[in-house]
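Student: So here's start-v7.txt (compact mmCIF, C-alpha atoms and all ligand atoms).
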# COMPACT_ATOMS: atom_id res chain seq x y z
CA MET E 1 0.00 0.00 0.00
CA THR E 2 1.28 3.45 -0.84
CA VAL E 3 1.17 5.98 1.98
CA TRP E 4 1.03 9.54 0.72
CA THR E 5 2.39 12.15 3.01
CA LYS E 6 2.73 15.87 2.70
CA PRO E 7 5.26 18.04 4.52
CA GLY E 8 4.14 18.46 8.12
CA GLU E 9 1.65 15.61 7.92
CA SER E 10 3.88 12.61 8.35
CA CYS E 11 1.46 10.64 10.51
CA ALA E 12 -1.61 11.00 8.27
CA THR E 13 -2.29 9.18 5.03
CA TRP E 14 -2.78 11.57 2.17
CA PRO E 15 -5.18 11.84 0.55
CA PRO E 16 -7.44 10.40 3.27
CA ALA E 17 -8.53 6.87 2.32
CA GLU E 18 -12.24 7.76 2.68
CA LEU E 19 -11.97 10.04 -0.34
CA ALA E 20 -11.59 7.07 -2.68
CA ALA E 21 -15.41 6.91 -2.82
CA GLY E 22 -15.74 10.63 -3.47
CA LEU E 23 -16.20 13.64 -1.21
CA PRO E 24 -19.99 13.38 -0.69
CA ASP E 25 -19.69 9.77 0.44
CA ALA E 26 -16.67 10.54 2.61
CA LEU E 27 -18.60 13.35 4.29
CA ARG E 28 -21.59 11.10 5.00
CA LYS E 29 -19.39 8.35 6.47
CA THR E 30 -17.34 10.77 8.54
CA CYS E 31 -20.45 12.38 10.02
CA GLU E 32 -21.97 8.98 10.78
CA ARG E 33 -18.80 7.83 12.48
CA LEU E 34 -18.27 11.00 14.50
CA SER E 35 -21.83 11.14 15.81
CA ALA E 36 -22.31 7.38 16.33
CA HIS E 37 -21.91 7.51 20.11
CA SER E 38 -23.69 10.79 20.71
CA ASP E 39 -27.23 12.17 20.66
CA LEU E 40 -26.32 14.57 17.86
CA LYS E 41 -28.31 14.06 14.65
CA ILE E 42 -26.30 15.17 11.62
CA HIS E 43 -28.08 15.79 8.32
CA VAL E 44 -25.73 15.68 5.33
CA GLN E 45 -26.94 17.32 2.12
CA VAL E 46 -25.29 17.72 -1.26
CA HIS E 47 -26.42 20.42 -3.70
CA GLY E 48 -25.33 20.85 -7.30
CA THR E 49 -23.58 18.24 -9.40
CA PRO E 50 -20.70 16.57 -7.62
CA VAL E 51 -17.49 16.67 -9.63
CA THR E 52 -14.11 15.30 -8.66
CA LEU E 53 -12.06 18.14 -7.24
CA ASP E 54 -8.35 18.54 -6.78
CA SER E 55 -7.21 16.14 -4.07
CA GLU E 56 -6.00 18.97 -1.86
CA VAL E 57 -9.38 20.68 -2.08
CA GLU E 58 -11.30 17.51 -1.18
CA THR E 59 -8.90 16.81 1.67
CA ALA E 60 -9.24 20.35 3.02
CA LEU E 61 -13.04 20.18 2.91
CA LEU E 62 -13.16 16.76 4.58
CA ARG E 63 -10.85 17.96 7.35
CA THR E 64 -12.87 21.15 7.73
CA ALA E 65 -15.99 19.03 8.20
CA ARG E 66 -14.24 16.82 10.75
CA GLY E 67 -13.00 19.79 12.74
CA ALA E 68 -16.34 21.57 12.60
CA VAL E 69 -18.33 18.50 13.61
CA ALA E 70 -15.83 17.76 16.39
CA ASN E 71 -16.46 21.30 17.62
CA VAL E 72 -20.22 20.81 17.54
CA LEU E 73 -19.84 17.63 19.58
CA GLU E 74 -17.37 19.15 22.00
CA HIS E 75 -18.62 22.70 22.49
CA ALA E 76 -22.07 23.36 21.05
CA HIS E 77 -24.48 21.31 23.21
CA ALA E 78 -26.53 20.99 20.02
CA ASP E 79 -28.98 18.23 19.21
CA SER E 80 -28.80 18.65 15.45
CA ALA E 81 -26.43 19.84 12.78
CA PHE E 82 -26.66 20.31 9.03
CA VAL E 83 -23.60 19.62 6.91
CA THR E 84 -24.17 20.91 3.38
CA LEU E 85 -21.81 20.59 0.45
CA THR E 86 -22.67 22.79 -2.53
CA TYR E 87 -21.04 22.52 -5.94
CA HIS E 88 -21.23 25.90 -7.68
CA PRO E 89 -19.75 26.38 -11.17
CA ASP E 90 -16.88 28.43 -9.77
CA ALA E 91 -16.61 27.34 -6.14
CA VAL E 92 -17.36 24.59 -3.69
CA VAL E 93 -18.87 25.52 -0.34
CA LEU E 94 -19.16 23.49 2.84
CA ASP E 95 -21.60 24.72 5.49
CA VAL E 96 -21.81 23.27 8.99
CA VAL E 97 -24.71 24.71 10.98
CA ASP E 98 -25.69 23.66 14.49
CA ASN E 99 -28.51 24.62 16.83
CA GLY E 100 -26.35 24.81 19.94
CA ARG E 101 -25.37 27.55 22.33
CA GLY E 102 -23.32 29.63 19.89
CA LEU E 103 -19.72 30.78 19.92
CA PRO E 104 -18.33 32.77 22.78
CA ARG E 105 -18.24 36.43 21.67
CA SER E 106 -14.45 36.38 21.48
CA HIS E 107 -14.53 33.62 18.84
CA VAL E 108 -17.00 35.08 16.39
CA LYS E 109 -14.18 37.08 14.91
CA ILE E 110 -12.02 34.39 13.43
CA ASP E 111 -8.79 36.30 14.05
CA SER E 112 -9.19 35.81 17.76
CA ASP E 113 -9.19 32.01 17.69
CA ARG E 114 -7.36 30.52 20.57
CA GLY E 115 -7.80 26.85 19.71
CA HIS E 116 -5.82 25.10 16.99
CA GLY E 117 -8.86 23.73 15.20
CA LEU E 118 -10.42 26.79 13.56
CA ALA E 119 -7.07 28.50 13.01
CA GLY E 120 -5.73 25.41 11.24
CA ILE E 121 -8.87 25.13 9.11
CA ARG E 122 -8.65 28.80 8.15
CA GLU E 123 -4.99 28.49 7.19
CA ARG E 124 -5.55 25.39 5.07
CA LEU E 125 -8.41 27.09 3.21
CA ARG E 126 -6.39 30.27 2.75
CA GLN E 127 -3.59 28.28 1.11
CA LEU E 128 -6.13 27.09 -1.45
CA GLY E 129 -7.45 30.61 -2.08
CA GLY E 130 -10.50 29.94 0.07
CA THR E 131 -12.19 31.52 3.07
CA LEU E 132 -13.75 30.56 6.38
CA VAL E 133 -16.69 32.54 7.75
CA LEU E 134 -18.25 32.01 11.16
CA GLU E 135 -21.63 33.37 12.19
CA SER E 136 -23.13 32.95 15.60
CA GLU E 137 -25.57 34.43 18.07
CA PRO E 138 -25.38 33.47 21.73
CA GLY E 139 -27.91 30.69 22.35
CA ASP E 140 -28.81 30.52 18.69
CA GLY E 141 -26.28 28.17 17.15
CA THR E 142 -23.22 28.52 14.99
CA ALA E 143 -22.81 28.53 11.22
CA LEU E 144 -19.46 27.84 9.60
CA ALA E 145 -18.97 28.33 5.87
CA ALA E 146 -15.84 27.16 4.08
CA SER E 147 -15.52 28.21 0.47
CA ILE E 148 -12.87 27.33 -2.08
CA PRO E 149 -12.87 28.83 -5.58
CA LEU E 150 -12.44 26.22 -8.28
CA LYS E 151 -10.46 28.40 -10.68
CA ALA E 152 -7.69 28.89 -8.14
CA THR E 153 -7.27 25.14 -7.78
CA GLU E 154 -7.07 24.55 -11.53
CA ASP E 155 -4.28 27.11 -11.79
CA GLY E 156 -2.39 25.74 -8.82
N1 LIG D 201 -19.98 24.85 17.07
C1 LIG D 201 -19.53 25.52 18.14
N2 LIG D 201 -20.39 25.89 19.14
C2 LIG D 201 -19.97 26.57 20.22
N3 LIG D 201 -18.69 26.95 20.42
C3 LIG D 201 -17.79 26.61 19.48
C4 LIG D 201 -18.15 25.88 18.30
N4 LIG D 201 -17.04 25.71 17.55
C5 LIG D 201 -16.04 26.29 18.21
N5 LIG D 201 -16.47 26.83 19.39
C6 LIG D 201 -15.69 27.62 20.35
O1 LIG D 201 -14.56 28.13 19.65
C7 LIG D 201 -13.37 27.71 20.30
C8 LIG D 201 -12.28 27.51 19.28
O2 LIG D 201 -12.51 26.32 18.53
P1 LIG D 201 -11.26 25.52 17.96
O3 LIG D 201 -11.76 24.36 17.19
O4 LIG D 201 -10.39 26.50 17.26
O5 LIG D 201 -10.47 25.07 19.24
P2 LIG D 201 -10.80 23.90 20.26
O6 LIG D 201 -11.94 23.06 19.76
O7 LIG D 201 -10.98 24.55 21.61
O8 LIG D 201 -9.45 23.10 20.25
P3 LIG D 201 -8.98 22.02 19.17
O9 LIG D 201 -9.89 22.10 17.98
O10 LIG D 201 -7.58 22.44 18.85
O11 LIG D 201 -9.08 20.71 19.87
C9 LIG D 201 -13.75 26.51 21.11
O12 LIG D 201 -12.90 26.33 22.23
C10 LIG D 201 -15.17 26.84 21.53
O13 LIG D 201 -15.17 27.70 22.64
MG MG D 202 -11.91 22.29 17.78
Can you turn what I pasted into structure tokens?

Tutor:
Amino acid sequence: MTVWTKPGESCATWPPAELAAGLPDALRKTCERLSAHSDLKIHVQVHGTPVTLDSEVETALLRTARGAVANVLEHAHADSAFVTLTYHPDAVVLDVVDNGRGLPRSHVKIDSDRGHGLAGIRERLRQLGGTLVLESEPGDGTALAASIPLKATEDG
């Protein structure tokens, strides 16, 4: 078996093995696995026509979903979450929305992240020309949107 590694990721296989079946399937399986031993109900939706994306883009989106869902499980006290993957002609967008207690005020502005999770996600997306947006109201859940333009990946 070939183990693909990238600089700084020596202990992870790359691309993640789950992606062999495509990003939508990998997202569904990851969400099932992460929520299996919890009361969180995760609804995974795919909009648009799935196309195979650059491996780095699919890996970044899968890891974004993992980090975001881990945060919902760890911090949100939510009972449901929607994970939505949308294929636009010029971009792919991953939304993770929960109905939990919302981000602490200090974390709504992404620049003030203290944890490694969101900062790492933001940096990975930035390297691919993408963005991470967080929206939250206290007591009214959190919405995370990760967007990666497709043109930038074709050039890179
Ligand atoms: N869905 C969410 N609901 C409520 N609070 C959240 C949510 N996601 C993140 N947070 C808050 O934002 C903080 C930063 O999240 P981040 O993922 O960067 O770090 P972490 O989860 O604390 O640590 P790590 O991901 O490195 O294990 C969290 O500590 C938590 O307070
Ligand atoms: Mg985290």

Student: Around the point (-8.3, 19.3, 6.0) (coordinates from the file), which residues reach within 10 Å if we count all atoms listed in the file? Answer as a PDB file with C-alpha atoms, keeping the file's coordinate frame.

Tutor:
ATOM      1  CA  PRO E  15      -5.180  11.840   0.550  1.00  0.00           C
ATOM      2  CA  PRO E  16      -7.440  10.400   3.270  1.00  0.00           C
ATOM      3  CA  GLU E  56      -6.000  18.970  -1.860  1.00  0.00           C
ATOM      4  CA  VAL E  57      -9.380  20.680  -2.080  1.00  0.00           C
ATOM      5  CA  GLU E  58     -11.300  17.510  -1.180  1.00  0.00           C
ATOM      6  CA  THR E  59      -8.900  16.810   1.670  1.00  0.00           C
ATOM      7  CA  ALA E  60      -9.240  20.350   3.020  1.00  0.00           C
ATOM      8  CA  LEU E  61     -13.040  20.180   2.910  1.00  0.00           C
ATOM      9  CA  LEU E  62     -13.160  16.760   4.580  1.00  0.00           C
ATOM     10  CA  ARG E  63     -10.850  17.960   7.350  1.00  0.00           C
ATOM     11  CA  THR E  64     -12.870  21.150   7.730  1.00  0.00           C
ATOM     12  CA  ALA E  65     -15.990  19.030   8.200  1.00  0.00           C
ATOM     13  CA  ARG E  66     -14.240  16.820  10.750  1.00  0.00           C
ATOM     14  CA  GLY E  67     -13.000  19.790  12.740  1.00  0.00           C
ATOM     15  CA  GLY E 120      -5.730  25.410  11.240  1.00  0.00           C
ATOM     16  CA  ILE E 121      -8.870  25.130   9.110  1.00  0.00           C
ATOM     17  CA  ARG E 122      -8.650  28.800   8.150  1.00  0.00           C
ATOM     18  CA  GLU E 123      -4.990  28.490   7.190  1.00  0.00           C
ATOM     19  CA  ARG E 124      -5.550  25.390   5.070  1.00  0.00           C
ATOM     20  CA  LEU E 125      -8.410  27.090   3.210  1.00  0.00           C
TER      21      LEU E 125
END

Student: Would you list the residues that come within 8 Å of ligand MG 202 (chain D)? Count all atoms listed in the file and give the answer as JSON, numbers by chain.

Tutor: {"E": [67, 68, 70, 71, 74, 115, 116, 117, 118]}

Student: Limited to C-alpha atoms, could you put the picked residues into a file as a PDB file, keeping the file's coordinate frame?

Tutor:
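After the write, part02.pdb holds the following:
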ATOM      1  CA  GLY E  67     -13.000  19.790  12.740  1.00  0.00           C
ATOM      2  CA  ALA E  68     -16.340  21.570  12.600  1.00  0.00           C
ATOM      3  CA  ALA E  70     -15.830  17.760  16.390  1.00  0.00           C
ATOM      4  CA  ASN E  71     -16.460  21.300  17.620  1.00  0.00           C
ATOM      5  CA  GLU E  74     -17.370  19.150  22.000  1.00  0.00           C
ATOM      6  CA  GLY E 115      -7.800  26.850  19.710  1.00  0.00           C
ATOM      7  CA  HIS E 116      -5.820  25.100  16.990  1.00  0.00           C
ATOM      8  CA  GLY E 117      -8.860  23.730  15.200  1.00  0.00           C
ATOM      9  CA  LEU E 118     -10.420  26.790  13.560  1.00  0.00           C
TER      10      LEU E 118
END

Student: Counting only C-alpha atoms, what is within 12 Å of range 32-42 of chain E, bar same-chain residues fewer than 2 positions away, as a ChimeraX atom specification?

Tutor: /E:18,25-30,44-45,65-74,76-84,96-100

Student: For atom N5 of ligand LIG 201 (chain D) and CA of Thr13 in chain E, determine how far apart the two atoms are, in Å to one decimal place.

Tutor: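 Spanning atom N5 of ligand LIG 201 (chain D) to CA of Thr13 in chain E is a straight-line distance of 26.8 Å.
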
Student: Please give the centre and size of the box around ligand LIG 201 (chain D) (axis-aligned, containing every atom listed in the file, 3 Å added per side), with values in Å to one decimal and written as AutoDock Vina command-line options.

Tutor:
--center_x -14.0 --center_y 24.4 --center_z 19.9 --size_x 18.8 --size_y 13.4 --size_z 11.6

Student: Using Å and a single decimal, report how far CA of Gly130 in chain E sits from atom O10 of ligand LIG 201 (chain D).

Tutor: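 A separation of 20.4 Å between them.
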
Student: List every protein, DNA or RNA residue that has at least one atom no more than 7 Å from (-14.5, 26.6, -2.6) in the file's coordinates, counting all atoms listed in the file, and write the result as an mmCIF file with C-alpha atoms, in the coordinates of the input.

Tutor:
data_model
loop_
_atom_site.group_PDB
_atom_site.id
_atom_site.type_symbol
_atom_site.label_atom_id
_atom_site.label_comp_id
_atom_site.auth_asym_id
_atom_site.auth_seq_id
_atom_site.Cartn_x
_atom_site.Cartn_y
_atom_site.Cartn_z
ATOM 1 C CA ALA E 91 -16.610 27.340 -6.140
ATOM 2 C CA VAL E 92 -17.360 24.590 -3.690
ATOM 3 C CA VAL E 93 -18.870 25.520 -0.340
ATOM 4 C CA GLY E 130 -10.500 29.940 0.070
ATOM 5 C CA ALA E 146 -15.840 27.160 4.080
ATOM 6 C CA SER E 147 -15.520 28.210 0.470
ATOM 7 C CA ILE E 148 -12.870 27.330 -2.080
ATOM 8 C CA PRO E 149 -12.870 28.830 -5.580
ATOM 9 C CA LEU E 150 -12.440 26.220 -8.280
#

Student: Pick the closest to ligand LIG 201 (chain D) from E:Trp14, E:Thr86, E:Ser136, E:Leu53: which is it, counting all atoms listed in the file?

Tutor: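 When distances to ligand LIG 201 (chain D) are compared using all atoms listed in the file, the smallest one comes from E:Ser136.
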
Student: Rounded to one decimal in Å, what is the spacing between atom P3 of ligand LIG 201 (chain D) and CA of Ser55 in chain E?

Tutor: 24.0 Å

Student: For ligand LIG 201 (chain D), which residue among E:Cys31, E:Leu144, E:Ala21, E:Val133 is the nearest when counting all atoms listed in the file?

Tutor: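 Selected residue with least distance to ligand LIG 201 (chain D): E:Leu144.
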
Student: With distances taken over all atoms listed in the file, which of E:Ala143, E:Leu19, E:Val46, E:Val51 is nearest to ligand LIG 201 (chain D)?

Tutor: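 Between E:Ala143, E:Leu19, E:Val46, E:Val51, the residue approaching ligand LIG 201 (chain D) most closely is E:Ala143.
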
Student: Pick from E:Leu94, E:His43, E:Gly22, E:Gly139: nearest to ligand LIG 201 (chain D), with only C-alpha atoms and all ligand atoms counted?

Tutor: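 Looking only at the distances to ligand LIG 201 (chain D), the closest residue turns out to be E:Gly139.
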
Student: Out of E:Ala145, E:Ala17, E:Leu134, E:Leu85, which residue has the shortest atom-to-atom distance to Thr49 in chain E when counting all atoms listed in the file?

Tutor: E:Leu85

Student: From the options E:Pro24, E:Pro138, E:Pro89, E:Gly102, which residue's atoms come nearest to ligand LIG 201 (chain D), counting all atoms listed in the file?

Tutor: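 Nearest to ligand LIG 201 (chain D): E:Gly102.
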